[in-house]
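Everything below concerns the one structure shown next.
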Amino acid sequence: MTIDMASPSFLYGPVPSRRLGYSLGVDLLPFKTCSMDCVYCQLGGGARTTVRRRAFIPVETVLAGIENVLRRGGRVDAITFSGSGEPTLHPGLGRLIRAIKRKTAVPVVLLTNGSLFTRPSVRKDAAAADIVVPSLDAATEDAFRKINRPHPGLSAAAIIEGLAAFRRHFHGRLWLEVLFVKGINDRPSDLRALKKAIARIRPDRVHLNTIVRPPAESWARPLGRRDLEKIRAFLGETAEIIADFKKPGRRTRTKDLPSRILDFVRRRPETAERIAASLGASPEAVERAGRRLEKDGRLRLVRLNGRVFFEPGAAAGKK
């Protein structure tokens with residue numbers, strides 16, 4: 001197989017991140033390969049969950065792609081393992097992180113659902129990163145199964161224990177993310193259990209989030225700002241509500257804008273404003289290109305809470 005190192009499919013960005021600046025994304029997995037099938041997932045639902053670790057892409061291939069991007073220059077504030085599934089399902093994750101850190105001072109970040117932190121080998125791999133951002137949406141078994149729809153072999157109690165064990169030996173920054181879905185994991189009993197779990201895990205920060213992109217299940221609803229403020233106050237001083245990233249992007253030519261938009265939304269639905277910030281184009285140019293792509297079926301516009309998101313249409317793979 002020939003890999004196009006100018007734009008390999010397992011790399012995306014750098015994209016503006018609310019927490020990390022301009023982040024070069026690394027996706028080690030086939031689309032929607034995950035240990036959970038969360039109701040809020042921006043990639044859609046219906047995935048067959050797995051907890052089996054497999055080397056989907058060779059470590060050497062991924063490392064060569066990252067080196068090529070860094071060689072070209074440009075702003076990269078973080079190298080982030082995330083993408084279309086659960087990064088810890090790749091058994092070469094730790095080896096890859098350590099190799100990257102030998103070649104660059106750019107911080108390495110791992111976004112994970114924390115489901116495999118029950119395994120010492122996974123905790124060792126994750127500990128090589130500078131920043132680890134696990135999610136913990138629920139600390140009660142009932143809410144965990146409703147919101148995350150996990151693989152049958154997973155439990156909330158075991159995940160919490162795994163994260164607590166990781167914290168005891170991890171010396172980098174640990175940011176715990178909680179995404180709330182109205183009526184599922186925001187009940188008083190859920191919040192009390194979550195607060196106890198946070199005390200056990202001892203993260204440096206707790207990031208509170210809610211649905212901001214079209215979710216896998218249309219019935220899943222976000223919490224309002226006032227509700228999140230109440231939860232933040234209840235959880236204490238380490239908790240904060242994640243704010244939108246608003247730095248302006250770099251300006252670039254619009255000649256190849258349609259193809260770049262399609263490549264961008266293949267990873268996740270996004271608004272014209274954030275696509276523009278990432279690609280360095282004006283929001284107006286992105287909107288014009290988006291309308292043309294929608295007309296020929298390569299892009300679909302989805303409305304959520306008064307905002308319009310771009311996502312791939314039925315003809316997205318056609319030229």
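In the structure tokens, each chain is lettered A, B, ... as it comes, each chain's residues begin at 1, and ligands are numbered from 1 in order of appearance.
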
Would you mind listing, for every residue of region 196-267 of chain A within 8 Å of region 44-50 of chain A, the two atoms forming the shortest contact and the distance between them in Å to one decimal, using only C-alpha atoms, sorted by chain and ascending residue number, as CSV?
```
residue,atom,partner,partner_atom,distance
A:Pro215,CA,A:Gly44,CA,6.7
A:Ala216,CA,A:Gly44,CA,4.1
A:Glu217,CA,A:Gly45,CA,7.1
```

Problem set entry | Selection near Ser82 (chain A), 8 Å with only C-alpha atoms, sequence-local residues under 2 positions removed, as a PyMOL selection string | chain A and resi 25-28+80+84-87+110-112

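Backbone DSSP assigns strand (DSSP E) in region 184-310 of chain A to Arg205, Val206, His207, Leu208, Asn209, Thr210, Ala239, Glu240, Ile241, Glu270, Thr271, Leu299, Arg300, Leu301, Val302, Arg303, Leu304, Arg307, Val308, Phe309 and Phe310 of chain A.
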
Any chance you can output those residues with C-alpha atoms as a CSV table (one decimal), in the first residue's frame?
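Output below, filename selection-v1.csv:
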```
chain,number,residue,atom,x,y,z
A,205,ARG,CA,-8.9,19.6,36.1
A,206,VAL,CA,-12.5,18.4,35.5
A,207,HIS,CA,-13.9,19.7,32.2
A,208,LEU,CA,-17.6,19.9,32.0
A,209,ASN,CA,-19.1,19.5,28.5
A,210,THR,CA,-22.5,18.8,26.9
A,239,ALA,CA,-14.3,21.8,37.7
A,240,GLU,CA,-14.7,24.2,34.8
A,241,ILE,CA,-17.0,24.5,31.8
A,270,GLU,CA,-18.5,21.1,12.3
A,271,THR,CA,-19.8,24.7,11.9
A,299,LEU,CA,-22.2,17.8,1.9
A,300,ARG,CA,-25.2,17.8,4.3
A,301,LEU,CA,-26.3,20.6,6.6
A,302,VAL,CA,-27.7,19.6,10.0
A,303,ARG,CA,-29.3,22.1,12.5
A,304,LEU,CA,-28.8,21.7,16.2
A,307,ARG,CA,-26.4,26.3,14.8
A,308,VAL,CA,-25.7,24.8,11.4
A,309,PHE,CA,-23.2,21.9,11.1
A,310,PHE,CA,-21.6,20.5,7.9
```

For this session: For region 116-126 of chain A, work out the shell of residues within 9 Å, counting only C-alpha atoms and skipping chain neighbours fewer than 4 positions away, then give it as a ChimeraX atom specification.
Result: /A:35,51,88-89,91-95,97-98,110,132,154,158-163,165-166,169-170

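From CA of Ala105 (chain A) back to CA of Ile66 (chain A), the distance works out to 13.1 Å.
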
Exercise. Quick one: of A:Ile242, A:Leu29, A:Ile201, A:Leu136, who's nearest to Leu11 (chain A), counting only C-alpha atoms?
Worked result: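 Nearest candidate to Leu11 (chain A) out of A:Ile242, A:Leu29, A:Ile201, A:Leu136: A:Leu29.
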
Exercise. Where does DSSP see alpha helix (DSSP H) in region 93-312 of chain A, if you list the residues as a PyMOL selection string?
Worked result: chain A and resi 93-103+120-126+141-148+156-169+188-201+225-235+257-265+272-279+283-295

For this session: Find the residue from A:Gly313, A:Phe81, A:Leu63, A:Arg52 that sits nearest to Glu294 (chain A); use only C-alpha atoms when measuring.
Result: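 Smallest distance to Glu294 (chain A) is found for A:Gly313.
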
Problem set entry | Of the listed residues A:Ala156, A:Ala220, A:Val181, A:Met36, that which approaches Ala197 (chain A) most closely, counting only C-alpha atoms |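 Closest residue, counting only C-alpha atoms: A:Ala156.
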